[in-house]
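**Q** Dropping in work12.txt, with compact mmCIF, C-alpha atoms and all ligand atoms.
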```txt
# COMPACT_ATOMS: atom_id res chain seq x y z
CA MET A 1 90.38 26.76 58.73
CA SER A 2 87.88 28.20 56.24
CA PRO A 3 84.59 29.48 57.74
CA ALA A 4 82.82 27.36 55.14
CA ARG A 5 83.78 24.31 57.11
CA PHE A 6 81.35 25.45 59.82
CA LEU A 7 78.44 25.42 57.44
CA SER A 8 76.47 22.24 57.28
CA PRO A 9 75.61 20.91 53.78
CA GLY A 10 71.99 21.87 54.53
CA ILE A 11 72.85 25.55 55.06
CA ILE A 12 74.98 25.62 51.93
CA GLY A 13 72.08 24.08 50.04
CA LEU A 14 69.74 26.74 51.44
CA ALA A 15 72.15 29.49 50.47
CA THR A 16 72.32 28.15 46.93
CA ALA A 17 68.56 27.95 46.76
CA VAL A 18 68.29 31.54 48.07
CA LEU A 19 70.58 32.74 45.32
CA LEU A 20 68.81 30.74 42.64
CA LEU A 21 65.49 32.23 43.70
CA ALA A 22 66.93 35.73 43.89
CA ALA A 23 67.68 35.75 40.15
CA PRO A 24 69.13 37.42 38.13
CA VAL A 25 72.22 36.96 40.37
CA PRO A 26 74.02 34.00 38.73
CA ALA A 27 74.43 31.07 41.09
CA THR A 28 78.12 30.57 40.46
CA ALA A 29 80.47 29.05 42.97
CA ASP A 30 82.23 32.33 43.78
CA VAL A 31 79.03 34.02 45.02
CA VAL A 32 77.92 31.18 47.32
CA PRO A 33 77.90 32.74 50.81
CA THR A 34 80.69 31.48 52.93
CA THR A 35 79.64 32.89 56.31
CA LEU A 36 76.46 32.61 58.33
CA ASN A 37 76.22 36.39 58.14
CA GLU A 38 76.21 36.25 54.34
CA VAL A 39 73.56 33.52 54.37
CA ALA A 40 71.41 35.72 56.63
CA MET A 41 71.93 38.73 54.31
CA SER A 42 70.96 36.67 51.26
CA ALA A 43 67.85 35.44 53.05
CA ARG A 44 66.89 39.05 53.93
CA THR A 45 67.46 40.12 50.31
CA LEU A 46 65.24 37.29 49.14
CA GLN A 47 62.57 38.21 51.70
CA ALA A 48 62.64 41.86 50.57
CA THR A 49 62.39 40.79 46.93
CA LEU A 50 59.42 38.54 47.67
CA GLU A 51 57.65 41.32 49.61
CA ARG A 52 58.31 43.85 46.85
CA ASP A 53 56.96 41.44 44.23
CA LYS A 54 53.92 40.71 46.37
CA ASP A 55 53.16 44.45 46.69
CA ARG A 56 53.63 44.84 42.95
CA GLY A 57 51.35 41.86 42.34
CA ASP A 58 48.69 43.36 44.62
CA ARG A 59 48.91 46.68 42.79
CA ASP A 60 48.71 44.98 39.39
CA ALA A 61 45.71 42.96 40.58
CA LYS A 62 43.97 46.23 41.52
CA LYS A 63 44.77 47.76 38.12
CA SER A 64 43.46 44.81 36.11
CA PRO A 65 39.83 43.96 36.92
CA THR A 66 38.65 40.44 36.24
CA VAL A 67 36.35 39.55 33.34
CA ALA A 68 33.48 39.21 35.83
CA GLU A 69 34.15 42.73 37.17
CA VAL A 70 34.28 44.22 33.66
CA TYR A 71 30.99 42.50 32.80
CA ALA A 72 29.39 43.80 36.02
CA GLN A 73 30.54 47.34 35.20
CA PHE A 74 29.12 46.97 31.69
CA GLN A 75 25.78 45.77 33.12
CA ASP A 76 25.70 48.65 35.61
CA ALA A 77 26.40 51.21 32.87
CA ARG A 78 23.65 49.68 30.71
CA SER A 79 21.12 49.69 33.56
CA ASN A 80 22.03 53.27 34.52
CA ARG A 81 21.64 54.40 30.91
CA LEU A 82 18.14 52.87 30.64
CA ARG A 83 17.07 54.27 34.04
CA ALA A 84 18.28 57.73 32.98
CA LEU A 85 15.98 57.44 29.93
CA GLY A 86 13.00 56.70 32.19
CA TYR A 87 12.83 52.90 32.40
CA PHE A 88 12.27 51.42 35.84
CA GLY A 89 12.32 48.08 37.62
CA ASP A 90 14.56 45.26 36.45
CA VAL A 91 16.01 46.78 33.28
CA LYS A 92 18.73 44.11 32.83
CA GLY A 93 16.58 41.83 30.68
CA ARG A 94 15.26 44.65 28.48
CA GLU A 95 16.34 44.20 24.85
CA HIS A 96 14.43 47.08 23.23
CA VAL A 97 13.52 50.66 24.12
CA LEU A 98 11.61 53.43 22.39
CA PRO A 99 13.65 55.65 20.01
CA VAL A 100 12.97 58.70 22.21
CA PRO A 101 12.60 58.75 26.01
CA PRO A 102 9.16 57.72 27.35
CA PHE A 103 6.90 60.72 28.09
CA SER A 104 9.07 63.02 25.91
CA TYR A 105 6.84 62.83 22.83
CA HIS A 106 3.37 62.36 21.39
CA LEU A 107 2.60 60.34 18.28
CA THR A 108 1.38 62.29 15.27
CA ALA A 109 1.28 60.42 11.96
CA GLY A 110 1.05 56.63 11.99
CA PHE A 111 2.28 54.10 9.46
CA GLY A 112 0.21 53.97 6.26
CA ALA A 113 -1.40 57.38 6.77
CA PHE A 114 -2.04 59.50 3.70
CA GLY A 115 -1.28 63.20 3.56
CA ALA A 116 0.03 66.08 1.48
CA MET A 117 3.54 65.61 2.99
CA TRP A 118 4.07 62.17 1.49
CA GLY A 119 4.20 61.01 -2.13
CA SER A 120 2.37 57.81 -1.25
CA SER A 121 1.35 56.50 2.15
CA HIS A 122 3.43 57.31 5.26
CA THR A 123 6.29 54.80 5.63
CA GLY A 124 7.03 55.32 9.31
CA LEU A 125 5.80 56.45 12.71
CA ASP A 126 6.15 60.08 13.79
CA PHE A 127 7.19 60.98 17.34
CA ALA A 128 6.66 64.73 17.80
CA ALA A 129 9.05 66.03 20.46
CA PRO A 130 10.86 69.27 21.28
CA LEU A 131 13.98 70.16 19.29
CA GLY A 132 17.01 68.60 20.94
CA THR A 133 15.16 65.65 22.50
CA GLN A 134 17.48 62.63 22.66
CA VAL A 135 17.16 60.00 19.93
CA VAL A 136 18.53 56.65 21.10
CA ALA A 137 19.35 53.16 19.83
CA VAL A 138 16.25 50.97 20.19
CA ALA A 139 18.51 47.90 20.64
CA ASP A 140 22.14 46.83 20.31
CA GLY A 141 23.41 47.20 16.75
CA THR A 142 25.72 48.93 14.30
CA ILE A 143 25.34 52.35 12.68
CA THR A 144 25.40 51.62 8.96
CA ASP A 145 24.58 55.08 7.52
CA VAL A 146 24.49 58.72 8.51
CA LEU A 147 23.49 60.93 5.58
CA LEU A 148 21.59 64.00 4.43
CA ASP A 149 18.58 63.30 2.21
CA PRO A 150 16.20 65.87 0.68
CA SER A 151 13.16 64.02 2.11
CA TYR A 152 14.50 62.26 5.22
CA GLY A 153 16.80 65.14 6.20
CA LEU A 154 19.59 64.08 8.57
CA LEU A 155 19.05 60.32 8.56
CA THR A 156 20.74 57.65 10.67
CA VAL A 157 20.40 53.95 9.87
CA LEU A 158 20.92 51.54 12.75
CA THR A 159 21.22 47.88 11.72
CA LEU A 160 20.24 45.51 14.51
CA GLU A 161 21.84 42.14 15.14
CA ASP A 162 19.04 40.32 13.24
CA GLY A 163 19.60 42.52 10.16
CA THR A 164 16.60 44.79 10.74
CA GLU A 165 17.28 48.40 9.75
CA VAL A 166 15.92 51.17 11.95
CA TRP A 167 15.81 54.57 10.25
CA TYR A 168 15.86 57.79 12.27
CA ALA A 169 14.82 60.71 10.03
CA HIS A 170 14.62 64.54 10.31
CA GLN A 171 17.28 64.65 13.03
CA GLY A 172 18.70 67.95 14.24
CA THR A 173 22.12 66.60 15.17
CA SER A 174 23.97 63.29 14.88
CA SER A 175 26.18 61.73 17.57
CA VAL A 176 27.35 58.60 15.75
CA MET A 177 29.38 57.52 12.74
CA PRO A 178 28.89 54.69 10.21
CA GLY A 179 30.61 51.52 11.41
CA GLN A 180 30.14 52.39 15.06
CA THR A 181 28.58 49.75 17.27
CA VAL A 182 26.04 51.06 19.74
CA GLU A 183 24.29 49.53 22.69
CA ILE A 184 20.63 49.84 23.60
CA GLY A 185 19.80 53.38 24.78
CA HIS A 186 23.01 54.83 23.30
CA LEU A 187 22.59 58.41 22.03
CA VAL A 188 22.16 58.47 18.23
CA GLY A 189 21.40 62.19 17.86
CA THR A 190 18.64 64.68 18.57
CA VAL A 191 15.16 65.44 17.29
CA GLY A 192 15.11 68.09 14.56
CA SER A 193 13.07 69.16 11.57
CA SER A 194 15.50 68.59 8.72
CA GLY A 195 14.35 67.47 5.25
CA ASN A 196 10.69 67.23 4.31
CA SER A 197 9.30 68.07 7.75
CA SER A 198 6.68 70.49 9.04
CA GLY A 199 7.99 70.65 12.62
CA PRO A 200 10.29 68.95 15.13
CA HIS A 201 9.68 65.21 15.17
CA LEU A 202 11.40 61.88 14.75
CA HIS A 203 10.23 59.84 11.78
CA LEU A 204 11.01 56.20 12.62
CA GLU A 205 11.11 53.44 10.05
CA VAL A 206 11.64 49.70 10.60
CA ARG A 207 12.86 47.68 7.64
CA PRO A 208 13.38 43.94 8.23
CA ALA A 209 16.52 42.73 6.40
CA GLY A 210 16.83 46.23 4.93
CA GLY A 211 13.73 45.68 2.75
CA ALA A 212 10.33 47.41 2.70
CA SER A 213 9.24 49.30 5.80
CA ILE A 214 6.75 47.71 8.18
CA ASP A 215 4.58 49.35 10.86
CA PRO A 216 6.98 50.52 13.63
CA ASN A 217 4.07 50.70 16.07
CA LEU A 218 3.35 46.96 15.73
CA TRP A 219 7.07 46.14 15.71
CA LEU A 220 7.53 47.98 19.02
CA ILE A 221 4.39 46.44 20.55
CA ASP A 222 5.72 42.97 19.62
CA ARG A 223 8.79 43.84 21.72
CA GLY A 224 6.82 44.80 24.79
CA LEU A 225 6.79 48.53 24.18
CA THR A 226 3.80 50.84 23.92
CA PRO A 227 4.63 53.84 21.75
ZN ZN B 1 7.00 60.58 9.26
```
What's the structure tokens form of this structure?
Ligand SMILES: [Zn+2]

**A**
Amino acid sequence: MSPARFLSPGIIGLATAVLLLAAPVPATADVVPTTLNEVAMSARTLQATLERDKDRGDRDAKKSPTVAEVYAQFQDARSNRLRALGYFGDVKGREHVLPVPPFSYHLTAGFGAFGAMWGSSHTGLDFAAPLGTQVVAVADGTITDVLLDPSYGLLTVLTLEDGTEVWYAHQGTSSVMPGQTVEIGHLVGTVGSSGNSSGPHLHLEVRPAGGASIDPNLWLIDRGLTP
């Protein structure tokens, strides 16, 4: 008498299901367990496979953070960057910062001033600061130019999301490349005295839609900042 006779249809069905689940073993007739011992072994194999897959799933879940976790990390990095520059309180809602860290500078020439340094009136706002002082993105945007100009020296153009161009002139070093997207507070370069400059300072220009420059002081004040 074959041992299979002792197996109820239910157990045979279970054994088949076990083998189907434990793919890639093909569920052909010749591998259907014919003893209770073989059914038990197949069940243990299936259990081990399930546990291994569960462990692997847990590990994969740890390796791949959710969208919410990535966003939280991004927000934390942004807040930490702004705090490191000297901004306090709830910095999450802040959309603009000064082009150099607060308390790192003093204003020298304002927009529209006349002087021997300029062909006509002054087209920007001058932040005098020590050589090497960080120059940062005033808002999220894209770097659209980094170039050397006889007057502006090492110049970076940051184009904001509304099309406004922010020009950073007389830089000592540059940390960005054209085409690069930057977030608020991201390092653009450092204060220098390149080009037509009488000492270390950042010459900031604001050009809506890339047109004529407007007063950066008023533009910053409109955005809740006091240069
Ligand atoms: Zn200037």

**Q** Would you pick out the contacts of Leu160 of chain A at 10 Å or less, using only C-alpha atoms, so that residues sharing its chain but fewer than 5 positions from it are not included, and give the list as a list in words?

**A**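 In the requested form, the answer reads Ala137, Val138, Ala139, Asp140, Gly141, Thr142, Ile143, Thr144, Glu165, Val166, Thr181, Val182, Glu183, Pro208 and Ala209 of chain A.
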
**Q** Please produce an output containing C-alpha atoms for each residue in the selection, written as a compact mmCIF listing (two decimals), keeping the file's coordinate frame.

**A**
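Contents of out-v4.txt, as written:
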```
# COMPACT_ATOMS: atom_id res chain seq x y z
CA ALA A 137 19.35 53.16 19.83
CA VAL A 138 16.25 50.97 20.19
CA ALA A 139 18.51 47.90 20.64
CA ASP A 140 22.14 46.83 20.31
CA GLY A 141 23.41 47.20 16.75
CA THR A 142 25.72 48.93 14.30
CA ILE A 143 25.34 52.35 12.68
CA THR A 144 25.40 51.62 8.96
CA GLU A 165 17.28 48.40 9.75
CA VAL A 166 15.92 51.17 11.95
CA THR A 181 28.58 49.75 17.27
CA VAL A 182 26.04 51.06 19.74
CA GLU A 183 24.29 49.53 22.69
CA PRO A 208 13.38 43.94 8.23
CA ALA A 209 16.52 42.73 6.40
```

**Q** Could you please determine the separation between atom CA of Val136 of chain A and atom CA of Val206 of chain A in Å, to one decimal place?

**A** 14.4 Å

**Q** Mind checking which residues fall within 12 Å of Leu220 of chain A, counting only C-alpha atoms, ignoring those fewer than 2 positions away in the same chain, and posting them as an NGL selection string?

**A** :A and (95-99 or 125 or 138-139 or 166 or 204-206 or 214-218 or 222-227)

**Q** Between atom CA of Ala68 of chain A and atom CA of Gly86 of chain A, what is the distance, to one decimal in Å?

**A** 27.2 Å

**Q** Residues contacting ligand ZN 1 (chain B) - anything with an atom at most 9 Å away, using only C-alpha atoms and all ligand atoms - can you give me those as a list in words?

**A**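 I would give the residues around ligand ZN 1 (chain B) as Thr108, Ala109, Gly110, Phe111, Met117, Trp118, His122, Thr123, Gly124, Leu125, Asp126, Phe127, Tyr152, Ala169, His170, Ser197, His201, Leu202, His203, Leu204 and Glu205 of chain A.
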
**Q** Between atom CA of Gln75 of chain A and atom CA of Gly132 of chain A, measure the distance and give it in Å to one decimal.

**A**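 Answer for the atom CA of Gln75 of chain A to atom CA of Gly132 of chain A separation: 27.3 Å.
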